[in-house]
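What follows is work_0.txt (compact mmCIF, C-alpha atoms and all ligand atoms).
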# COMPACT_ATOMS: atom_id res chain seq x y z
CA MET A 1227 12.34 -30.00 7.28
CA THR A 1228 10.99 -26.52 6.74
CA LYS A 1229 10.55 -25.69 3.08
CA ILE A 1230 11.73 -22.36 1.65
CA ALA A 1231 8.06 -21.71 0.81
CA GLU A 1232 7.18 -21.80 4.52
CA VAL A 1233 9.84 -19.22 5.34
CA LEU A 1234 8.58 -16.98 2.55
CA GLN A 1235 5.04 -17.42 3.84
CA ALA A 1236 6.23 -16.18 7.25
CA VAL A 1237 7.72 -13.10 5.55
CA ASN A 1238 4.42 -12.61 3.71
CA ASN A 1239 2.50 -12.82 6.97
CA ILE A 1240 4.49 -9.78 8.13
CA CYS A 1241 4.43 -7.87 4.81
CA SER A 1242 2.28 -9.38 2.09
CA GLU A 1243 3.68 -9.20 -1.45
CA LYS A 1244 0.18 -8.17 -2.50
CA ILE A 1245 0.62 -4.65 -1.12
CA GLN A 1246 3.79 -3.87 -3.10
CA GLU A 1247 3.77 -0.89 -5.46
CA LYS A 1248 2.75 -1.58 -9.07
CA TRP A 1249 6.23 -0.71 -10.41
CA ASP A 1250 7.94 -2.96 -7.87
CA ASN A 1251 9.08 -6.57 -8.24
CA SER A 1252 9.00 -7.89 -4.69
CA GLY A 1253 8.70 -11.64 -4.32
CA LEU A 1254 10.69 -14.62 -5.52
CA GLN A 1255 13.45 -13.58 -7.92
CA TRP A 1256 14.50 -17.17 -8.64
CA GLY A 1257 14.83 -20.52 -6.88
CA ASP A 1258 12.91 -23.63 -5.89
CA VAL A 1259 10.61 -22.90 -2.97
CA ASN A 1260 9.88 -26.59 -2.47
CA GLU A 1261 13.46 -27.25 -1.35
CA PRO A 1262 14.04 -27.63 2.40
CA CYS A 1263 15.49 -24.39 3.82
CA THR A 1264 19.05 -25.03 5.03
CA GLY A 1265 19.47 -21.46 6.29
CA ALA A 1266 18.40 -17.92 5.43
CA THR A 1267 20.61 -14.85 4.98
CA PHE A 1268 18.98 -11.42 5.21
CA SER A 1269 20.57 -8.50 3.40
CA LEU A 1270 19.65 -5.09 2.04
CA ASP A 1271 21.13 -5.97 -1.36
CA VAL A 1272 22.19 -9.14 -3.14
CA THR A 1273 25.83 -9.00 -4.22
CA LEU A 1274 28.36 -11.68 -5.14
CA GLU A 1275 29.90 -11.32 -1.66
CA VAL A 1276 26.53 -11.84 0.02
CA ILE A 1277 25.89 -14.96 -2.09
CA ASP A 1278 29.35 -16.37 -1.27
CA GLU A 1279 28.76 -15.69 2.42
CA ALA A 1280 25.38 -17.48 2.22
CA ILE A 1281 27.10 -20.49 0.59
CA GLU A 1282 29.81 -20.53 3.29
CA ASN A 1283 27.13 -20.52 5.96
CA GLY A 1284 25.11 -23.25 4.30
CA CYS A 1285 22.15 -20.94 3.54
CA ASN A 1286 20.12 -21.70 0.40
CA LEU A 1287 17.83 -18.67 0.78
CA ILE A 1288 18.65 -14.96 0.61
CA VAL A 1289 15.96 -12.48 1.61
CA ALA A 1290 16.81 -8.98 0.40
CA HIS A 1291 15.07 -5.61 0.50
CA HIS A 1292 16.04 -4.48 -3.00
CA PRO A 1293 14.81 -6.74 -5.83
CA LEU A 1294 17.41 -7.71 -8.44
CA ILE A 1295 15.02 -8.20 -11.34
CA PHE A 1296 13.18 -5.08 -12.45
CA SER A 1297 13.21 -5.39 -16.22
CA PRO A 1298 12.77 -8.78 -17.95
CA LEU A 1299 15.99 -10.78 -18.31
CA LYS A 1300 16.90 -11.70 -21.89
CA HIS A 1301 18.93 -14.69 -20.77
CA ILE A 1302 20.63 -16.14 -17.69
CA SER A 1303 24.30 -16.77 -18.35
CA LYS A 1304 27.77 -16.58 -16.89
CA SER A 1305 28.69 -13.82 -19.30
CA GLY A 1306 25.56 -11.67 -19.12
CA ASN A 1307 25.00 -8.43 -17.19
CA GLU A 1308 25.41 -8.36 -13.42
CA VAL A 1309 21.89 -9.57 -12.61
CA GLU A 1310 22.08 -12.36 -15.20
CA ARG A 1311 25.47 -13.48 -13.83
CA LEU A 1312 24.22 -13.46 -10.23
CA ALA A 1313 21.08 -15.36 -11.26
CA TYR A 1314 23.19 -17.97 -13.08
CA TYR A 1315 25.52 -18.35 -10.09
CA CYS A 1316 22.70 -18.66 -7.54
CA ILE A 1317 20.74 -21.18 -9.62
CA GLN A 1318 23.91 -23.21 -10.13
CA LYS A 1319 24.53 -23.21 -6.37
CA GLY A 1320 20.87 -23.85 -5.50
CA ILE A 1321 20.30 -20.46 -3.82
CA ALA A 1322 16.81 -18.98 -3.89
CA VAL A 1323 16.58 -15.17 -3.78
CA TYR A 1324 13.54 -13.33 -2.51
CA ALA A 1325 12.85 -9.60 -2.16
CA ALA A 1326 10.59 -7.82 0.32
CA HIS A 1327 10.75 -4.26 -0.97
CA THR A 1328 7.85 -1.78 -1.00
CA ASN A 1329 5.67 -4.25 0.92
CA TRP A 1330 8.22 -4.08 3.77
CA ASP A 1331 8.31 -0.28 3.36
CA LYS A 1332 4.56 0.10 3.72
CA VAL A 1333 3.61 -1.95 6.77
CA LYS A 1334 3.58 -0.82 10.37
CA GLU A 1335 6.73 -2.30 11.94
CA GLY A 1336 8.41 -1.99 8.51
CA VAL A 1337 11.35 0.08 7.24
CA SER A 1338 10.19 3.53 8.39
CA TRP A 1339 8.92 2.20 11.74
CA VAL A 1340 12.29 0.69 12.47
CA MET A 1341 13.82 4.09 11.62
CA ALA A 1342 11.34 5.79 13.96
CA ASN A 1343 12.09 3.36 16.79
CA ARG A 1344 15.83 3.92 16.47
CA ILE A 1345 15.49 7.60 17.33
CA GLY A 1346 12.80 6.90 19.93
CA LEU A 1347 9.73 8.40 18.26
CA GLU A 1348 6.48 7.96 20.18
CA ASN A 1349 2.80 8.24 19.19
CA THR A 1350 3.76 7.03 15.74
CA LYS A 1351 1.44 6.75 12.75
CA ILE A 1352 1.82 6.27 9.03
CA LEU A 1353 2.98 9.44 7.26
CA CYS A 1354 1.16 8.78 3.96
CA PRO A 1355 -1.75 6.35 4.51
CA GLU A 1356 -2.60 4.58 1.28
CA SER A 1357 -6.07 4.79 -0.19
CA GLY A 1358 -7.75 2.11 -2.27
CA THR A 1359 -6.31 -0.86 -0.39
CA LEU A 1360 -9.38 -1.65 1.72
CA CYS A 1361 -12.50 -3.55 0.81
CA ASN A 1362 -15.84 -4.40 2.30
CA VAL A 1363 -16.60 -8.12 2.54
CA LYS A 1364 -20.28 -8.96 3.02
CA VAL A 1365 -21.79 -12.42 3.41
CA LEU A 1366 -25.46 -13.35 3.58
CA GLY A 1367 -26.80 -16.34 5.46
CA LYS A 1368 -28.59 -17.80 8.47
CA SER A 1369 -27.86 -16.23 11.85
CA ALA A 1370 -26.14 -19.37 13.15
CA ASP A 1371 -23.88 -19.47 10.08
CA LEU A 1372 -23.07 -15.80 10.41
CA GLN A 1373 -22.15 -16.32 14.04
CA SER A 1374 -19.61 -19.01 13.19
CA ILE A 1375 -18.25 -16.98 10.25
CA ARG A 1376 -17.93 -13.92 12.51
CA ASN A 1377 -16.09 -15.92 15.20
CA ALA A 1378 -13.76 -17.50 12.62
CA TRP A 1379 -12.99 -14.06 11.12
CA PHE A 1380 -12.21 -12.74 14.60
CA ASP A 1381 -10.01 -15.78 15.39
CA ALA A 1382 -8.13 -15.13 12.14
CA GLY A 1383 -7.42 -11.54 13.24
CA LEU A 1384 -9.55 -10.02 10.49
CA ALA A 1385 -11.91 -7.11 11.20
CA GLN A 1386 -9.32 -4.79 12.73
CA ILE A 1387 -9.81 -1.02 12.44
CA GLY A 1388 -7.01 0.97 14.09
CA GLU A 1389 -6.78 -0.05 17.74
CA TYR A 1390 -10.15 -1.85 17.57
CA SER A 1391 -10.35 -5.55 16.83
CA ASN A 1392 -13.47 -7.61 16.03
CA CYS A 1393 -15.18 -4.78 14.11
CA SER A 1394 -18.18 -6.10 12.19
CA PHE A 1395 -21.73 -5.14 11.36
CA THR A 1396 -24.78 -7.40 11.08
CA MET A 1397 -28.24 -6.64 9.77
CA GLU A 1398 -31.24 -8.94 9.73
CA GLY A 1399 -33.75 -9.40 6.93
CA TRP A 1400 -35.38 -11.85 4.58
CA GLY A 1401 -33.37 -13.84 2.08
CA THR A 1402 -34.87 -15.61 -0.92
CA PHE A 1403 -33.56 -18.27 -3.25
CA CYS A 1404 -34.90 -20.85 -5.68
CA PRO A 1405 -32.78 -24.04 -6.01
CA SER A 1406 -32.52 -25.71 -9.42
CA GLU A 1407 -33.02 -29.48 -9.81
CA LYS A 1408 -29.26 -29.94 -9.83
CA ALA A 1409 -28.77 -28.10 -6.52
CA SER A 1410 -28.41 -29.81 -3.12
CA PRO A 1411 -30.00 -27.16 -0.92
CA THR A 1412 -29.70 -27.19 2.87
CA LEU A 1413 -33.09 -25.50 2.94
CA GLY A 1414 -35.98 -25.33 0.48
CA SER A 1415 -36.74 -27.54 -2.48
CA ALA A 1416 -36.21 -27.53 -6.23
CA ASN A 1417 -37.98 -24.92 -8.35
CA ARG A 1418 -39.69 -23.24 -5.38
CA THR A 1419 -38.70 -19.79 -4.16
CA HIS A 1420 -37.77 -20.18 -0.54
CA PHE A 1421 -38.04 -17.37 2.04
CA GLU A 1422 -35.62 -17.58 4.96
CA ARG A 1423 -34.89 -15.30 7.90
CA GLU A 1424 -31.29 -14.33 7.15
CA GLY A 1425 -28.73 -11.70 7.94
CA ALA A 1426 -25.93 -9.75 6.27
CA LEU A 1427 -22.57 -9.71 8.01
CA GLU A 1428 -19.88 -7.29 6.88
CA ILE A 1429 -16.34 -6.29 7.69
CA CYS A 1430 -13.86 -3.75 6.33
CA ILE A 1431 -10.45 -5.34 5.67
CA PRO A 1432 -7.37 -4.95 3.46
CA LYS A 1433 -8.00 -6.24 -0.06
CA ALA A 1434 -5.07 -8.62 0.39
CA LYS A 1435 -7.08 -10.50 3.05
CA ALA A 1436 -10.36 -10.73 1.11
CA THR A 1437 -9.62 -14.18 -0.34
CA VAL A 1438 -8.96 -15.59 3.14
CA ALA A 1439 -12.15 -14.00 4.52
CA VAL A 1440 -14.28 -15.45 1.71
CA GLN A 1441 -12.63 -18.86 2.08
CA ILE A 1442 -13.41 -18.89 5.82
CA ALA A 1443 -17.02 -17.88 5.11
CA LYS A 1444 -17.43 -20.68 2.57
CA GLU A 1445 -16.08 -23.23 5.05
CA LYS A 1446 -18.34 -22.07 7.89
CA SER A 1447 -21.53 -21.62 5.89
CA SER A 1448 -24.01 -24.51 5.91
CA TYR A 1449 -25.36 -23.42 2.51
CA GLU A 1450 -24.24 -25.17 -0.68
CA THR A 1451 -23.49 -21.81 -2.30
CA LEU A 1452 -22.32 -18.78 -0.36
CA ALA A 1453 -23.86 -15.43 -1.27
CA TYR A 1454 -21.19 -12.78 -0.77
CA SER A 1455 -19.72 -9.59 -2.16
CA VAL A 1456 -16.28 -7.97 -2.05
CA ILE A 1457 -16.48 -4.23 -2.72
CA PRO A 1458 -13.33 -2.07 -3.08
CA LEU A 1459 -13.28 1.06 -0.90
CA SER A 1460 -11.46 4.34 -1.45
CA ASN A 1461 -10.98 4.99 2.30
CA ASP A 1462 -7.48 5.76 3.60
CA ASN A 1463 -5.87 2.70 5.15
CA ASP A 1464 -4.14 3.80 8.36
CA GLU A 1465 -2.32 0.46 8.52
CA ILE A 1466 -0.52 0.70 5.16
CA GLY A 1467 1.54 3.44 3.58
CA PHE A 1468 4.95 5.03 3.27
CA GLY A 1469 6.77 6.78 6.09
CA CYS A 1470 6.13 7.27 9.76
CA ILE A 1471 5.52 10.36 11.86
CA GLY A 1472 5.80 10.71 15.63
CA GLU A 1473 7.32 12.70 18.45
CA LEU A 1474 10.61 12.64 20.28
CA LYS A 1475 10.29 12.12 24.05
CA GLU A 1476 11.96 15.48 24.67
CA SER A 1477 12.36 18.24 22.14
CA MET A 1478 15.99 18.87 21.20
CA GLY A 1479 18.15 21.39 19.40
CA LEU A 1480 19.34 20.83 15.84
CA GLU A 1481 22.87 19.77 16.77
CA ASP A 1482 21.65 17.19 19.30
CA PHE A 1483 19.12 15.94 16.77
CA LEU A 1484 21.72 15.48 14.03
CA THR A 1485 24.02 13.73 16.50
CA LEU A 1486 21.18 11.37 17.43
CA CYS A 1487 20.57 10.58 13.73
CA LYS A 1488 24.27 10.01 13.10
CA GLU A 1489 24.58 7.64 16.04
CA GLN A 1490 21.35 5.73 15.51
CA TYR A 1491 21.63 5.25 11.75
CA GLY A 1492 25.41 4.76 11.74
CA CYS A 1493 26.17 7.68 9.40
CA LYS A 1494 29.68 8.88 8.62
CA ALA A 1495 28.22 12.23 7.59
CA ILE A 1496 24.79 13.79 7.29
CA ARG A 1497 23.56 16.22 4.62
CA TYR A 1498 20.78 18.52 5.73
CA ASN A 1499 18.95 21.77 5.18
CA PRO A 1500 18.13 23.41 8.52
CA GLY A 1501 15.11 24.90 6.72
CA LYS A 1502 13.88 27.13 9.48
CA GLU A 1503 15.53 28.66 12.47
CA ILE A 1504 14.14 26.57 15.26
CA ASN A 1505 15.43 25.89 18.69
CA ALA A 1506 13.51 22.71 19.28
CA ILE A 1507 12.74 19.62 17.22
CA LYS A 1508 9.92 17.50 18.60
CA LYS A 1509 7.69 16.21 15.80
CA VAL A 1510 9.65 14.11 13.30
CA ALA A 1511 8.71 12.32 10.08
CA VAL A 1512 10.89 9.60 8.57
CA CYS A 1513 10.84 7.48 5.43
CA GLY A 1514 13.53 4.98 4.45
CA GLY A 1515 15.18 5.06 1.03
CA SER A 1516 14.63 7.66 -1.70
CA ALA A 1517 11.54 9.37 -0.34
CA VAL A 1518 12.04 13.12 -0.56
CA ASP A 1519 8.72 13.26 -2.44
CA PHE A 1520 6.88 12.86 0.86
CA VAL A 1521 8.38 16.02 2.36
CA GLY A 1522 5.09 17.78 1.53
CA SER A 1523 3.16 15.35 3.77
CA ALA A 1524 5.69 15.95 6.56
CA ILE A 1525 5.25 19.73 6.19
CA ALA A 1526 1.45 19.42 6.04
CA GLN A 1527 1.51 17.44 9.29
CA LYS A 1528 3.69 20.11 10.88
CA ALA A 1529 6.79 17.98 11.39
CA ASP A 1530 9.82 19.90 12.64
CA ALA A 1531 12.14 17.56 10.75
CA TYR A 1532 11.95 14.97 7.96
CA ILE A 1533 14.57 12.24 7.65
CA THR A 1534 15.01 10.36 4.40
CA ALA A 1535 17.75 9.62 1.83
CA ASP A 1536 18.96 10.34 -1.72
CA VAL A 1537 18.02 14.03 -1.58
CA LYS A 1538 19.40 15.92 -4.59
CA TYR A 1539 20.80 19.47 -4.46
CA HIS A 1540 17.64 21.22 -5.66
CA GLN A 1541 15.37 18.93 -3.67
CA PHE A 1542 16.92 20.21 -0.46
CA THR A 1543 15.06 23.45 -1.13
CA MET A 1544 11.79 21.49 -0.71
CA ALA A 1545 12.28 21.96 3.02
CA ASP A 1546 10.87 25.36 2.14
CA LYS A 1547 11.88 26.96 5.44
CA ALA A 1548 9.14 24.83 7.02
CA LEU A 1549 11.23 22.01 8.48
CA THR A 1550 14.70 20.56 8.76
CA LEU A 1551 15.33 18.13 5.89
CA VAL A 1552 17.86 15.44 6.72
CA ASP A 1553 19.52 12.94 4.36
CA VAL A 1554 21.06 10.10 6.35
CA GLY A 1555 21.95 7.90 3.34
CA HIS A 1556 20.01 5.14 1.62
CA TYR A 1557 21.83 2.19 3.21
CA GLU A 1558 21.88 3.84 6.63
CA SER A 1559 18.13 4.46 6.54
CA GLU A 1560 17.20 0.88 5.61
CA ILE A 1561 19.73 -1.66 6.87
CA TRP A 1562 18.21 -1.67 10.37
CA ALA A 1563 14.90 -2.87 8.98
CA MET A 1564 16.57 -5.97 7.52
CA GLU A 1565 18.17 -6.68 10.89
CA TYR A 1566 14.71 -6.44 12.44
CA LEU A 1567 13.01 -8.59 9.77
CA SER A 1568 15.65 -11.31 10.21
CA ALA A 1569 15.05 -11.22 13.98
CA LEU A 1570 11.27 -11.60 13.46
CA ILE A 1571 11.79 -14.61 11.16
CA SER A 1572 14.45 -16.08 13.44
CA GLU A 1573 11.92 -16.20 16.29
CA LYS A 1574 9.62 -18.39 14.18
CA PHE A 1575 12.09 -21.05 13.03
CA HIS A 1576 14.54 -22.97 15.20
CA ASN A 1577 15.62 -25.80 12.91
CA PHE A 1578 17.88 -23.70 10.66
CA ALA A 1579 19.93 -20.53 11.01
CA VAL A 1580 18.45 -17.14 10.15
CA ARG A 1581 21.18 -14.52 9.97
CA LEU A 1582 21.87 -10.98 8.86
CA THR A 1583 24.74 -10.68 6.42
CA THR A 1584 27.99 -9.27 7.81
CA ILE A 1585 28.79 -7.80 4.37
CA ASN A 1586 28.35 -4.03 4.13
CA THR A 1587 26.65 -3.72 0.75
CA ASN A 1588 26.74 0.08 0.82
CA SER A 1589 28.70 1.11 -2.26
CA VAL A 1590 28.78 4.78 -1.17
CA ARG A 1591 31.91 5.88 0.67
CA HIS A 1592 32.66 9.12 2.52
CA PHE A 1593 36.11 10.65 2.46
ZN ZN B 1 16.01 1.16 -0.68
Can the structure in the file be given as structure tokens, please?
Amino acid sequence: MTKIAEVLQAVNNICSEKIQEKWDNSGLQWGDVNEPCTGATFSLDVTLEVIDEAIENGCNLIVAHHPLIFSPLKHISKSGNEVERLAYYCIQKGIAVYAAHTNWDKVKEGVSWVMANRIGLENTKILCPESGTLCNVKVLGKSADLQSIRNAWFDAGLAQIGEYSNCSFTMEGWGTFCPSEKASPTLGSANRTHFEREGALEICIPKAKATVAVQIAKEKSSYETLAYSVIPLSNDNDEIGFGCIGELKESMGLEDFLTLCKEQYGCKAIRYNPGKEINAIKKVAVCGGSAVDFVGSAIAQKADAYITADVKYHQFTMADKALTLVDVGHYESEIWAMEYLSALISEKFHNFAVRLTTINTNSVRHF
């Protein structure tokens, strides 16, 4: 049977926990990942109703967007605060809870990309590419070794830059090393400095993949000890970051645009600041959840509209007559991404049910 750990690995393959924000607590909230997975329920939030529904459906795993644990729990008991009570209940019932939060926000295909797809944006790219998440991995070795390392990296889907795969650089030169008496060198002999025609092979990859790249290189190298370096880069990473910006197929007037948002995100009502008097909206930026802070990036990239949630009264003025600022609601901006994530995971496993909760966990009501 498939273990819960394997399901969580599949989620990590889509949005690695390693790219979550520092303040975030994505990952396992509680539970035994070595248990066989009897079913997985996907939900935006974990509530008592969602847990009861998971139990009814025989699911022992809940994958949520919003983490439950943010500050350390003092104790886990039936009479504690809400999180402590839910933790107690889940552990008692054998339910593991996992959160994919800012890591699911920041990948292509993630929360904002699902938002963008719903309103049909094209030519999409990340609104706020993150810097400091890339690194340069360089290995030194014989040409034949480098060739097999390069091929294995390519097979593993490493070395991708934008729309270009298999991006690497190789340089030839002379390598030197002097084995000790305890070494078992493939080439050379103890206490003699050996000169060998070698090369340096390098790739630029996300830091989160560096360990895998080095592991592959160690396996493919014929040398006893691999000479390598992993150097952090400050380049922007166009593959990771908050928000998404793209263009509507046809430009549309404000009323049509708001109607499209209402229909596609399932909003009862929309709050917005028209910002500027424009007849046509074409370029649109979106970011799921509370992300009004990125309105500046949307303005800088000349978006006609920016769609997000949780915009406060004074923050609406940040539209600054430059664009139309639209608040579609937190739940409405993000629930679709959980539907999509559950569909992606469902495709990978056929021996247990993967389902989206039918519980509406949105506590906000409109009158
Ligand atoms: Zn959220």
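Of note, atom CA of A:Asp1553 and atom CA of A:Asn1505 are spaced 19.7 Å apart.
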As an mmCIF file with C-alpha atoms, in the coordinates of the input, please: every protein or nucleic acid residue near ligand ZN 1 (chain B) (cut-off 12 Å, counting only C-alpha atoms and all ligand atoms).
data_model
loop_
_atom_site.group_PDB
_atom_site.id
_atom_site.type_symbol
_atom_site.label_atom_id
_atom_site.label_comp_id
_atom_site.auth_asym_id
_atom_site.auth_seq_id
_atom_site.Cartn_x
_atom_site.Cartn_y
_atom_site.Cartn_z
ATOM 1 C CA ASP A 1250 7.940 -2.960 -7.870
ATOM 2 C CA SER A 1269 20.570 -8.500 3.400
ATOM 3 C CA LEU A 1270 19.650 -5.090 2.040
ATOM 4 C CA ASP A 1271 21.130 -5.970 -1.360
ATOM 5 C CA ALA A 1290 16.810 -8.980 0.400
ATOM 6 C CA HIS A 1291 15.070 -5.610 0.500
ATOM 7 C CA HIS A 1292 16.040 -4.480 -3.000
ATOM 8 C CA PRO A 1293 14.810 -6.740 -5.830
ATOM 9 C CA LEU A 1294 17.410 -7.710 -8.440
ATOM 10 C CA ALA A 1325 12.850 -9.600 -2.160
ATOM 11 C CA ALA A 1326 10.590 -7.820 0.320
ATOM 12 C CA HIS A 1327 10.750 -4.260 -0.970
ATOM 13 C CA THR A 1328 7.850 -1.780 -1.000
ATOM 14 C CA ASN A 1329 5.670 -4.250 0.920
ATOM 15 C CA TRP A 1330 8.220 -4.080 3.770
ATOM 16 C CA ASP A 1331 8.310 -0.280 3.360
ATOM 17 C CA VAL A 1337 11.350 0.080 7.240
ATOM 18 C CA SER A 1338 10.190 3.530 8.390
ATOM 19 C CA CYS A 1513 10.840 7.480 5.430
ATOM 20 C CA GLY A 1514 13.530 4.980 4.450
ATOM 21 C CA GLY A 1515 15.180 5.060 1.030
ATOM 22 C CA SER A 1516 14.630 7.660 -1.700
ATOM 23 C CA ALA A 1517 11.540 9.370 -0.340
ATOM 24 C CA THR A 1534 15.010 10.360 4.400
ATOM 25 C CA ALA A 1535 17.750 9.620 1.830
ATOM 26 C CA ASP A 1536 18.960 10.340 -1.720
ATOM 27 C CA GLY A 1555 21.950 7.900 3.340
ATOM 28 C CA HIS A 1556 20.010 5.140 1.620
ATOM 29 C CA TYR A 1557 21.830 2.190 3.210
ATOM 30 C CA GLU A 1558 21.880 3.840 6.630
ATOM 31 C CA SER A 1559 18.130 4.460 6.540
ATOM 32 C CA GLU A 1560 17.200 0.880 5.610
ATOM 33 C CA ILE A 1561 19.730 -1.660 6.870
ATOM 34 C CA TRP A 1562 18.210 -1.670 10.370
ATOM 35 C CA ALA A 1563 14.900 -2.870 8.980
ATOM 36 C CA MET A 1564 16.570 -5.970 7.520
ATOM 37 C CA THR A 1587 26.650 -3.720 0.750
ATOM 38 C CA ASN A 1588 26.740 0.080 0.820
#
task: Would you list the residues near (-33.1, -21.3, -1.3), meaning any protein, DNA or RNA residue with an atom at most 9 Å from that point in file coordinates, counting only C-alpha atoms, as a VMD selection string?
output: chain A and resid 1401 to 1405 1411 to 1416 1418 to 1422 1449
Saved selection, atoms kept: C-alpha atoms, as an mmCIF file, in the frame of the given file:
data_model
loop_
_atom_site.group_PDB
_atom_site.id
_atom_site.type_symbol
_atom_site.label_atom_id
_atom_site.label_comp_id
_atom_site.auth_asym_id
_atom_site.auth_seq_id
_atom_site.Cartn_x
_atom_site.Cartn_y
_atom_site.Cartn_z
ATOM 1 C CA GLY A 1401 -33.370 -13.840 2.080
ATOM 2 C CA THR A 1402 -34.870 -15.610 -0.920
ATOM 3 C CA PHE A 1403 -33.560 -18.270 -3.250
ATOM 4 C CA CYS A 1404 -34.900 -20.850 -5.680
ATOM 5 C CA PRO A 1405 -32.780 -24.040 -6.010
ATOM 6 C CA PRO A 1411 -30.000 -27.160 -0.920
ATOM 7 C CA THR A 1412 -29.700 -27.190 2.870
ATOM 8 C CA LEU A 1413 -33.090 -25.500 2.940
ATOM 9 C CA GLY A 1414 -35.980 -25.330 0.480
ATOM 10 C CA SER A 1415 -36.740 -27.540 -2.480
ATOM 11 C CA ALA A 1416 -36.210 -27.530 -6.230
ATOM 12 C CA ARG A 1418 -39.690 -23.240 -5.380
ATOM 13 C CA THR A 1419 -38.700 -19.790 -4.160
ATOM 14 C CA HIS A 1420 -37.770 -20.180 -0.540
ATOM 15 C CA PHE A 1421 -38.040 -17.370 2.040
ATOM 16 C CA GLU A 1422 -35.620 -17.580 4.960
ATOM 17 C CA TYR A 1449 -25.360 -23.420 2.510
#
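Atom CA of A:Arg1376 lies 7.7 Å from atom CA of A:Leu1427.
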- prompt: Taking only C-alpha atoms into account, which of A:Leu1474, A:Gln1255, A:Tyr1539, A:Glu1465 comes nearest A:Glu1310?
  reply: A:Gln1255
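Between A:Ile1471 and the candidates A:Lys1229, A:Lys1351, A:Lys1364, A:Lys1244, the tightest atom-to-atom separation, counting only C-alpha atoms, involves A:Lys1351.
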Separation of atom CA of A:Lys1300 from atom CA of A:Asn1286, in Å and rounded to one decimal: 24.6 Å
query: Near A:Lys1547, counting only C-alpha atoms, which residues have an atom at most 10 Å away, once you skip same-chain residues fewer than 5 positions from it, shown as a count of residues only?
result: 6
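Using all atoms listed in the file for every distance, the candidate list A:Glu1232, A:Lys1332, A:Arg1423, A:Asn1392 yields A:Lys1332 as the residue closest to A:Cys1354.
With only C-alpha atoms taken into account, every residue lying no more than 6 Å from the file point (-12.7, -3.8, -2.2) is included here: Leu1360, Cys1361, Asn1362, Lys1433, Val1456, Ile1457, Pro1458 and Leu1459 of chain A.
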query: Residues at most 7 Å from A:Ile1302, counting all atoms listed in the file, excluding those fewer than 5 positions away in the same chain, as a ChimeraX atom specification?
result: /A:1310-1311,1313-1314
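Counting all atoms listed in the file and comparing A:Lys1368, A:Lys1334, A:His1301, A:Lys1509, the residue that lies closest to A:Met1397 is A:Lys1368.
The closest residue to A:Glu1445, picked from A:Leu1287, A:Cys1393, A:Val1552, A:Ile1375 and counting all atoms listed in the file, is A:Ile1375.
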message: Give me the residues near A:Leu1353 as a ChimeraX atom specification, where near means some atom within 10 Å (using all atoms listed in the file) and where sequence neighbours in that chain fewer than 2 positions away do not count.
response: /A:1338,1350-1351,1355-1356,1464,1466-1472,1511-1513,1520-1521,1523-1524,1527
Using the incomplete input, complete stretch 1506-1517 of chain A to the level of N, CA and C atoms; output as a compact mmCIF listing (two decimals), in the coordinates of the input.
# COMPACT_ATOMS: atom_id res chain seq x y z
N ALA A 1506 13.92 24.00 18.74
CA ALA A 1506 13.51 22.71 19.28
C ALA A 1506 12.86 21.84 18.22
N ILE A 1507 13.36 20.59 18.13
CA ILE A 1507 12.74 19.62 17.22
C ILE A 1507 12.00 18.60 18.08
N LYS A 1508 10.74 18.42 17.80
CA LYS A 1508 9.92 17.50 18.60
C LYS A 1508 9.19 16.51 17.68
N LYS A 1509 8.46 17.06 16.71
CA LYS A 1509 7.69 16.21 15.80
C LYS A 1509 8.57 15.86 14.60
N VAL A 1510 8.72 14.54 14.35
CA VAL A 1510 9.65 14.11 13.30
C VAL A 1510 8.98 13.10 12.37
N ALA A 1511 9.18 13.30 11.06
CA ALA A 1511 8.71 12.32 10.08
C ALA A 1511 9.93 11.63 9.48
N VAL A 1512 9.78 10.35 9.16
CA VAL A 1512 10.89 9.60 8.57
C VAL A 1512 10.34 8.74 7.43
N CYS A 1513 11.19 8.47 6.45
CA CYS A 1513 10.84 7.48 5.43
C CYS A 1513 12.14 6.93 4.84
N GLY A 1514 12.30 5.62 4.90
CA GLY A 1514 13.53 4.98 4.45
C GLY A 1514 13.68 5.04 2.94
N GLY A 1515 14.91 5.07 2.46
CA GLY A 1515 15.18 5.06 1.03
C GLY A 1515 14.98 6.41 0.38
N SER A 1516 14.76 6.41 -0.94
CA SER A 1516 14.63 7.66 -1.70
C SER A 1516 13.20 8.17 -1.58
N ALA A 1517 12.93 9.00 -0.59
CA ALA A 1517 11.54 9.37 -0.34
C ALA A 1517 11.36 10.85 -0.08
